[in-house]
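Data block for input_38.txt (compact mmCIF, C-alpha atoms and all ligand atoms):
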```txt
# COMPACT_ATOMS: atom_id res chain seq x y z
CA MET Z 1 0.00 0.00 0.00
CA SER Z 2 2.52 2.57 -1.12
CA GLY Z 3 0.25 4.77 -3.29
CA ARG Z 4 -0.50 8.31 -2.14
CA GLY Z 5 -2.55 11.15 -3.65
CA ALA Z 6 -6.09 12.03 -4.64
CA PRO Z 7 -8.77 9.33 -5.11
CA GLY Z 8 -8.50 7.94 -8.61
CA ASP Z 9 -4.75 8.70 -8.64
CA PRO Z 10 -3.09 5.72 -10.31
CA GLY Z 11 -0.76 5.56 -7.25
CA MET Z 12 -3.62 4.86 -4.80
CA ALA Z 13 -4.23 1.26 -3.83
CA THR Z 14 -7.57 -0.28 -4.66
CA ILE Z 15 -9.44 -2.17 -1.96
CA GLY Z 16 -8.42 -5.47 -3.58
CA GLU Z 17 -4.74 -4.49 -3.82
CA ALA Z 18 -4.63 -3.26 -0.22
CA LEU Z 19 -6.24 -6.49 0.97
CA ARG Z 20 -3.80 -8.63 -0.98
CA GLN Z 21 -0.82 -6.72 0.40
CA ALA Z 22 -1.94 -6.84 4.05
CA GLY Z 23 -3.09 -10.44 3.62
CA VAL Z 24 0.48 -11.61 3.02
CA SER Z 25 1.38 -11.08 6.69
CA LEU Z 26 -2.02 -11.01 8.42
CA GLY Z 27 -3.92 -13.58 6.35
CA GLY Z 28 -7.00 -12.81 4.30
CA THR Z 29 -9.57 -13.06 7.12
CA GLU Z 30 -7.86 -10.49 9.34
CA ALA Z 31 -7.02 -8.21 6.41
CA ARG Z 32 -10.71 -8.15 5.41
CA ALA Z 33 -11.91 -7.63 9.00
CA LEU Z 34 -9.67 -4.58 9.34
CA MET Z 35 -10.78 -3.22 5.94
CA ARG Z 36 -14.45 -3.57 6.97
CA CYS Z 37 -13.57 -1.64 10.10
CA ALA Z 38 -11.58 1.11 8.27
CA LEU Z 39 -14.33 1.63 5.68
CA ARG Z 40 -17.27 0.89 8.04
CA ARG Z 41 -18.66 -1.40 5.35
CA ASP Z 42 -19.71 -5.06 5.27
CA ALA Z 43 -18.03 -8.02 3.58
CA ALA Z 44 -20.30 -7.83 0.51
CA TYR Z 45 -19.15 -4.23 -0.12
CA LEU Z 46 -15.49 -5.29 -0.21
CA ILE Z 47 -16.23 -7.99 -2.80
CA ALA Z 48 -18.40 -5.72 -4.95
CA HIS Z 49 -15.91 -2.81 -4.82
CA ALA Z 50 -12.55 -4.62 -4.95
CA GLY Z 51 -11.43 -2.40 -7.86
CA LYS Z 52 -12.35 0.90 -6.14
CA ALA Z 53 -9.42 3.13 -5.12
CA LEU Z 54 -9.16 4.02 -1.44
CA ASP Z 55 -9.09 7.73 -0.71
CA SER Z 56 -6.16 8.97 1.37
CA ARG Z 57 -8.16 9.06 4.62
CA GLN Z 58 -9.33 5.47 4.11
CA GLN Z 59 -5.85 4.31 3.17
CA GLN Z 60 -4.30 5.95 6.23
CA ALA Z 61 -6.99 4.46 8.49
CA TYR Z 62 -6.41 0.99 7.03
CA GLU Z 63 -2.62 1.24 7.24
CA ALA Z 64 -2.85 2.32 10.87
CA LEU Z 65 -5.01 -0.69 11.75
CA VAL Z 66 -2.72 -3.08 9.87
CA ARG Z 67 0.30 -1.64 11.70
CA ARG Z 68 -1.35 -1.97 15.12
CA ARG Z 69 -2.35 -5.56 14.36
CA ALA Z 70 1.19 -6.35 13.17
CA ASP Z 71 2.43 -4.91 16.50
CA GLY Z 72 0.29 -7.49 18.31
CA GLU Z 73 -2.91 -5.62 19.31
CA PRO Z 74 -5.77 -8.12 19.42
CA LEU Z 75 -7.98 -8.10 16.33
CA ALA Z 76 -11.12 -7.91 18.49
CA TYR Z 77 -9.94 -4.69 20.19
CA LEU Z 78 -9.18 -3.13 16.78
CA THR Z 79 -12.51 -4.06 15.21
CA GLY Z 80 -14.43 -3.66 18.50
CA GLU Z 81 -16.27 -6.90 17.97
CA ARG Z 82 -16.05 -10.67 18.60
CA GLU Z 83 -18.52 -13.44 17.89
CA PHE Z 84 -19.53 -15.79 20.70
CA TYR Z 85 -22.16 -18.51 20.51
CA SER Z 86 -22.99 -17.18 17.00
CA LEU Z 87 -23.82 -13.71 18.37
CA PRO Z 88 -21.75 -10.53 17.81
CA PHE Z 89 -20.50 -8.79 20.98
CA ARG Z 90 -18.92 -5.36 21.29
CA VAL Z 91 -15.58 -5.62 23.07
CA THR Z 92 -13.15 -3.00 24.36
CA PRO Z 93 -9.83 -3.28 26.24
CA ALA Z 94 -11.94 -3.10 29.45
CA VAL Z 95 -13.08 -6.71 28.99
CA LEU Z 96 -11.68 -10.14 28.27
CA ILE Z 97 -12.10 -11.13 24.61
CA PRO Z 98 -14.70 -13.94 24.53
CA ARG Z 99 -13.05 -17.31 23.82
CA PRO Z 100 -14.56 -20.17 21.79
CA GLU Z 101 -13.76 -22.68 24.58
CA THR Z 102 -16.08 -20.76 26.93
CA GLU Z 103 -19.00 -21.91 24.76
CA LEU Z 104 -18.66 -25.24 26.64
CA LEU Z 105 -19.70 -23.44 29.84
CA VAL Z 106 -22.83 -22.18 28.05
CA GLU Z 107 -23.61 -25.67 26.68
CA LEU Z 108 -23.30 -27.32 30.10
CA ALA Z 109 -25.47 -24.63 31.68
CA LEU Z 110 -28.15 -24.99 28.98
CA GLN Z 111 -28.27 -28.76 29.62
CA ARG Z 112 -29.35 -27.90 33.20
CA ILE Z 113 -31.76 -25.04 32.44
CA PRO Z 114 -35.16 -26.33 31.30
CA ALA Z 115 -36.49 -24.61 28.16
CA GLY Z 116 -40.14 -24.64 29.17
CA ARG Z 117 -39.97 -23.57 32.83
CA ASP Z 118 -38.85 -20.61 34.92
CA CYS Z 119 -35.33 -20.93 36.24
CA ARG Z 120 -33.02 -18.59 38.16
CA VAL Z 121 -29.50 -18.37 36.74
CA LEU Z 122 -26.50 -16.46 38.12
CA GLU Z 123 -23.44 -15.60 36.07
CA LEU Z 124 -20.54 -14.33 38.18
CA ALA Z 125 -17.95 -12.05 36.50
CA THR Z 126 -19.81 -11.38 33.27
CA GLY Z 127 -17.17 -9.20 31.51
CA SER Z 128 -18.58 -8.42 28.04
CA GLY Z 129 -21.79 -10.21 29.04
CA CYS Z 130 -21.29 -12.92 26.41
CA VAL Z 131 -22.10 -15.92 28.63
CA ALA Z 132 -25.16 -14.34 30.27
CA VAL Z 133 -26.54 -13.07 26.94
CA ALA Z 134 -26.00 -16.43 25.18
CA ILE Z 135 -27.85 -18.24 28.00
CA ALA Z 136 -30.64 -15.67 28.17
CA MET Z 137 -31.20 -15.80 24.39
CA GLN Z 138 -31.41 -19.61 24.42
CA ARG Z 139 -33.66 -19.75 27.49
CA PRO Z 140 -36.16 -16.86 27.35
CA ARG Z 141 -37.98 -18.19 30.44
CA ALA Z 142 -34.85 -18.08 32.57
CA ARG Z 143 -34.20 -15.04 34.75
CA VAL Z 144 -30.48 -14.35 34.53
CA LEU Z 145 -28.59 -12.22 37.04
CA ALA Z 146 -25.10 -11.23 35.87
CA THR Z 147 -22.54 -9.69 38.23
CA GLU Z 148 -19.24 -7.94 37.64
CA LEU Z 149 -16.75 -5.94 39.69
CA ALA Z 150 -15.36 -3.63 36.95
CA PRO Z 151 -17.77 -0.74 36.16
CA GLU Z 152 -16.61 -0.37 32.52
CA ALA Z 153 -17.19 -4.07 31.92
CA LEU Z 154 -20.63 -3.91 33.53
CA ALA Z 155 -21.61 -0.99 31.27
CA LEU Z 156 -20.45 -2.90 28.19
CA ALA Z 157 -22.32 -6.04 29.27
CA ARG Z 158 -25.51 -3.98 29.63
CA GLU Z 159 -24.92 -2.54 26.15
CA ASN Z 160 -24.45 -6.03 24.65
CA ALA Z 161 -27.63 -7.30 26.31
CA ALA Z 162 -29.58 -4.30 24.96
CA ARG Z 163 -28.13 -4.87 21.48
CA HIS Z 164 -29.55 -8.41 21.51
CA ARG Z 165 -32.77 -7.33 23.24
CA ALA Z 166 -32.11 -9.87 26.00
CA GLY Z 167 -34.75 -8.56 28.39
CA ASN Z 168 -34.42 -11.44 30.86
CA ILE Z 169 -31.03 -10.35 32.27
CA GLU Z 170 -30.38 -8.07 35.20
CA PHE Z 171 -26.89 -6.69 35.86
CA VAL Z 172 -25.49 -5.96 39.31
CA ALA Z 173 -22.13 -4.59 40.45
CA SER Z 174 -20.77 -7.09 42.93
CA ASP Z 175 -17.54 -8.42 44.38
CA TRP Z 176 -18.39 -12.11 43.84
CA PHE Z 177 -21.48 -12.85 46.02
CA GLU Z 178 -21.31 -9.67 48.10
CA ALA Z 179 -24.33 -7.79 46.65
CA LEU Z 180 -26.58 -10.84 46.32
CA GLY Z 181 -28.12 -10.93 49.80
CA ALA Z 182 -29.92 -14.22 50.33
CA ALA Z 183 -30.77 -14.77 46.63
CA ARG Z 184 -30.69 -18.38 45.43
CA PHE Z 185 -30.36 -19.85 41.95
CA GLU Z 186 -30.86 -23.18 40.20
CA VAL Z 187 -27.67 -22.69 38.15
CA ILE Z 188 -24.53 -20.62 38.88
CA VAL Z 189 -21.90 -20.24 36.13
CA ALA Z 190 -18.58 -18.41 36.08
CA ASN Z 191 -15.55 -17.95 33.88
CA PRO Z 192 -13.39 -16.34 36.55
CA PRO Z 193 -9.79 -15.15 36.37
CA TYR Z 194 -7.66 -18.30 36.67
CA VAL Z 195 -4.13 -17.52 35.47
CA ALA Z 196 -1.31 -17.83 38.02
CA GLU Z 197 0.58 -14.59 38.74
CA GLY Z 198 3.90 -15.75 37.29
CA ASP Z 199 2.49 -17.54 34.24
CA PRO Z 200 4.69 -16.70 31.22
CA HIS Z 201 1.61 -16.68 28.93
CA LEU Z 202 0.70 -13.30 30.48
CA ALA Z 203 3.55 -11.81 28.45
CA GLN Z 204 2.37 -13.39 25.19
CA GLY Z 205 -0.29 -12.81 22.51
CA ASP Z 206 -3.65 -11.22 23.33
CA LEU Z 207 -3.13 -11.68 27.10
CA ARG Z 208 -0.62 -8.77 27.09
CA HIS Z 209 -3.47 -6.40 26.18
CA GLU Z 210 -6.34 -7.82 28.25
CA PRO Z 211 -7.22 -6.49 31.74
CA ARG Z 212 -5.05 -8.13 34.37
CA ALA Z 213 -8.04 -8.25 36.73
CA ALA Z 214 -9.82 -10.47 34.19
CA LEU Z 215 -6.94 -12.94 34.04
CA VAL Z 216 -4.86 -13.23 37.20
CA ALA Z 217 -5.98 -15.03 40.35
CA GLY Z 218 -3.14 -15.24 42.87
CA ALA Z 219 -0.01 -17.34 43.02
CA ASP Z 220 -1.63 -20.59 41.80
CA GLY Z 221 -4.47 -19.11 39.70
CA LEU Z 222 -7.12 -20.63 41.99
CA GLU Z 223 -7.83 -17.68 44.29
CA CYS Z 224 -11.13 -16.71 42.60
CA ILE Z 225 -12.24 -20.32 42.11
CA ARG Z 226 -11.74 -20.96 45.86
CA THR Z 227 -13.95 -17.95 46.67
CA ILE Z 228 -16.63 -19.09 44.21
CA VAL Z 229 -16.70 -22.71 45.40
CA ALA Z 230 -16.77 -21.62 49.06
CA GLY Z 231 -19.60 -19.11 48.52
CA ALA Z 232 -21.81 -20.87 45.94
CA GLY Z 233 -23.52 -23.28 48.35
CA ALA Z 234 -25.28 -20.43 50.16
CA HIS Z 235 -26.72 -19.17 46.85
CA LEU Z 236 -27.79 -22.45 45.26
CA ALA Z 237 -31.27 -23.90 45.54
CA PRO Z 238 -31.32 -27.55 46.67
CA GLY Z 239 -30.21 -29.65 43.69
CA GLY Z 240 -28.73 -26.57 41.97
CA TRP Z 241 -25.55 -26.69 39.88
CA LEU Z 242 -22.31 -24.73 40.04
CA LEU Z 243 -20.25 -24.79 36.81
CA PHE Z 244 -17.03 -22.88 36.18
CA GLU Z 245 -14.23 -22.67 33.64
CA HIS Z 246 -10.59 -23.22 34.60
CA SER Z 247 -7.14 -23.72 33.13
CA HIS Z 248 -5.96 -26.93 31.42
CA ASP Z 249 -4.12 -28.22 34.52
CA GLN Z 250 -6.51 -27.13 37.31
CA ALA Z 251 -9.27 -29.75 36.97
CA PRO Z 252 -8.09 -32.19 39.71
CA ARG Z 253 -7.65 -29.33 42.21
CA CYS Z 254 -11.05 -27.87 41.25
CA ARG Z 255 -12.76 -31.22 41.79
CA ALA Z 256 -11.05 -31.56 45.18
CA LEU Z 257 -12.32 -28.09 46.17
CA LEU Z 258 -15.87 -29.02 45.11
CA VAL Z 259 -15.80 -32.31 47.05
CA ALA Z 260 -14.40 -30.58 50.15
CA ALA Z 261 -17.21 -27.96 49.94
CA GLY Z 262 -19.84 -30.75 50.00
CA PHE Z 263 -20.86 -30.77 46.32
CA GLY Z 264 -22.14 -34.01 44.77
CA GLN Z 265 -22.02 -35.30 41.18
CA VAL Z 266 -18.67 -33.54 40.79
CA LEU Z 267 -17.56 -33.53 37.15
CA THR Z 268 -15.11 -32.13 34.63
CA GLU Z 269 -15.89 -31.73 30.92
CA ARG Z 270 -13.41 -31.32 28.06
CA ASP Z 271 -13.57 -28.62 25.38
CA LEU Z 272 -13.42 -29.30 21.62
CA ALA Z 273 -9.61 -29.43 21.82
CA GLY Z 274 -9.90 -32.29 24.36
CA ILE Z 275 -8.72 -30.10 27.26
CA GLU Z 276 -10.33 -30.37 30.72
CA ARG Z 277 -12.02 -26.97 30.73
CA VAL Z 278 -15.15 -26.82 32.93
CA SER Z 279 -15.76 -28.40 36.34
CA GLY Z 280 -18.81 -28.34 38.51
CA GLY Z 281 -20.97 -30.03 41.06
CA ARG Z 282 -24.48 -30.21 42.48
CA ARG Z 283 -25.72 -29.00 45.81
CA GLY Z 284 -27.40 -31.78 47.79
CA GLY Z 285 -31.14 -31.57 48.44
C1 LIG R 1 -12.09 -14.26 32.61
S1 LIG R 1 -13.08 -12.78 32.62
C2 LIG R 1 -14.64 -13.48 32.08
C3 LIG R 1 -15.51 -12.54 31.31
C4 LIG R 1 -16.69 -13.22 30.58
N1 LIG R 1 -17.57 -13.89 31.52
C5 LIG R 1 -16.19 -14.17 29.53
O1 LIG R 1 -16.33 -15.38 29.72
O2 LIG R 1 -15.67 -13.73 28.50
C6 LIG R 1 -13.25 -12.60 34.35
C7 LIG R 1 -14.07 -11.40 34.82
O3 LIG R 1 -14.05 -11.41 36.26
C8 LIG R 1 -14.16 -10.10 36.72
N2 LIG R 1 -13.77 -10.07 38.13
C9 LIG R 1 -12.52 -10.09 38.67
N3 LIG R 1 -12.59 -10.05 40.01
C10 LIG R 1 -13.91 -10.03 40.33
C11 LIG R 1 -14.60 -9.99 41.57
N4 LIG R 1 -13.94 -9.94 42.75
N5 LIG R 1 -15.96 -9.96 41.56
C12 LIG R 1 -16.62 -9.98 40.37
N6 LIG R 1 -16.02 -10.03 39.16
C13 LIG R 1 -14.67 -10.05 39.15
C14 LIG R 1 -13.22 -9.35 35.78
O4 LIG R 1 -13.48 -7.95 35.81
C15 LIG R 1 -13.54 -10.03 34.44
O5 LIG R 1 -14.55 -9.32 33.75
```

When written as structure tokens, how does the structure in this file appear?
Amino acid sequence: MSGRGAPGDPGMATIGEALRQAGVSLGGTEARALMRCALRRDAAYLIAHAGKALDSRQQQAYEALVRRRADGEPLAYLTGEREFYSLPFRVTPAVLIPRPETELLVELALQRIPAGRDCRVLELATGSGCVAVAIAMQRPRARVLATELAPEALALARENAARHRAGNIEFVASDWFEALGAARFEVIVANPPYVAEGDPHLAQGDLRHEPRAALVAGADGLECIRTIVAGAGAHLAPGGWLLFEHSHDQAPRCRALLVAAGFGQVLTERDLAGIERVSGGRRGG
């Protein structure tokens, strides 16, 4: 993308040329996502107008995005969007970028939330709101309460719920269970911070740009999970389920915590990559 000048100048790159050039290092999918963002147009527009020359403002905007991506900024923070459970979510650097493996948490929750009956569901630490919104959209009769400590994240979660017209979610600022009073739920889900403080992955990839408070949970990564397992019993209805995501090597310790806290039917499920990803248990009747 070396061309400069007025639109129509033979030196200006066309959309197709700019995509091809950026695609060499970023790959076609990312190059197109950034072009959609720079032009504020959809994918069909890029195909239909591949031969159209970018004007200098568009070219500068695109080059800036390509540079930032090449420097390692997460694609989702540059485009402001990430898909989760086939729904688009707005994301900003105030929230964790929704991960495909977290869809397992949604699946396991949905298996325990009846479609045709009322059900009270709690999501702790909602971030962008992706888990709560996905559950609420799939189970319109459920009443979902989503909590979060970070005010910017809570505001974004509310915005995402409004975007999808998920009217069966309520959002509450809370440090874990603190603001919940004596409320009880049939299902509690959480994707809490679970990375250990010294984990070298924190200095790699997207994690470098994500909020530390969304990732890190003490020396062994289990600090938040311990709080959740210890507190969940007091907020579960008899027979209710607690389900939470964790790191690839934390499942045995999570199951031990659940057993020690008196949960029954303790389980761990693997994600699509075969990694132990979600553990949980049931409160006795
Ligand atoms: C791993 S992110 C999960 C976000 C979202 N649920 C998802 O799956 O993409 C963890 C979230 O926990 C929130 N958090 C951290 N400490 C918390 C606390 N003490 N109480 C409530 N939420 C907390 C963070 O702000 C962050 O949004």

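For ligand LIG 1 (chain R), the protein and nucleic acid residues at most 6 Å away, judged by all atoms listed in the file, amount to Z:Val95, Z:Leu96, Z:Ile97, Z:Pro98, Z:Ala125, Z:Thr126, Z:Gly127, Z:Ser128, Z:Val131, Z:Glu148, Z:Leu149, Z:Ala150, Z:Ser174, Z:Asp175, Z:Trp176, Z:Asn191, Z:Pro192, Z:Pro193, Z:Ala213, Z:Ala214, Z:Leu215.
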
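Atom pair atom CA of Z:His49 / atom CA of Z:Ser25: separated by 22.4 Å.
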
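Going from atom CA of Z:Asp42 to atom CA of Z:Thr79 covers 12.3 Å.
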
Would you pick out the contacts of stretch 258-260 of chain Z at 8 Å or less, using all atoms listed in the file, so that residues sharing its chain but fewer than 4 positions from it are not included, and give the list as a PyMOL selection string?
chain Z and resi 229+254+264+266+280-281

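Here atom CA of Z:His201 and atom CA of Z:Leu65 stand 24.4 Å from one another.
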
Quick one: residues within 12 Å of Z:Glu178, all atoms listed in the file, excluding same-chain residues fewer than 2 positions away - as JSON, numbers by chain?
{"Z": [124, 147, 148, 149, 172, 173, 174, 175, 176, 180, 181, 182, 183, 227, 228, 231, 232, 234, 235]}

Sphere at (-11.2, -4.4, 29.2), radius 7 Å, counting only C-alpha atoms: residues as a PDB file with C-alpha atoms, in the coordinates of the input:
```pdb
ATOM      1  CA  THR Z  92     -13.150  -3.000  24.360  1.00  0.00           C
ATOM      2  CA  PRO Z  93      -9.830  -3.280  26.240  1.00  0.00           C
ATOM      3  CA  ALA Z  94     -11.940  -3.100  29.450  1.00  0.00           C
ATOM      4  CA  VAL Z  95     -13.080  -6.710  28.990  1.00  0.00           C
ATOM      5  CA  LEU Z  96     -11.680 -10.140  28.270  1.00  0.00           C
ATOM      6  CA  ALA Z 153     -17.190  -4.070  31.920  1.00  0.00           C
ATOM      7  CA  GLU Z 210      -6.340  -7.820  28.250  1.00  0.00           C
ATOM      8  CA  PRO Z 211      -7.220  -6.490  31.740  1.00  0.00           C
TER       9      PRO Z 211
END
```

Among Z:Val121, Z:Ala38, Z:Ala134, Z:Val189, Z:Arg165 is approached most closely, using only C-alpha atoms, by Z:Ala134
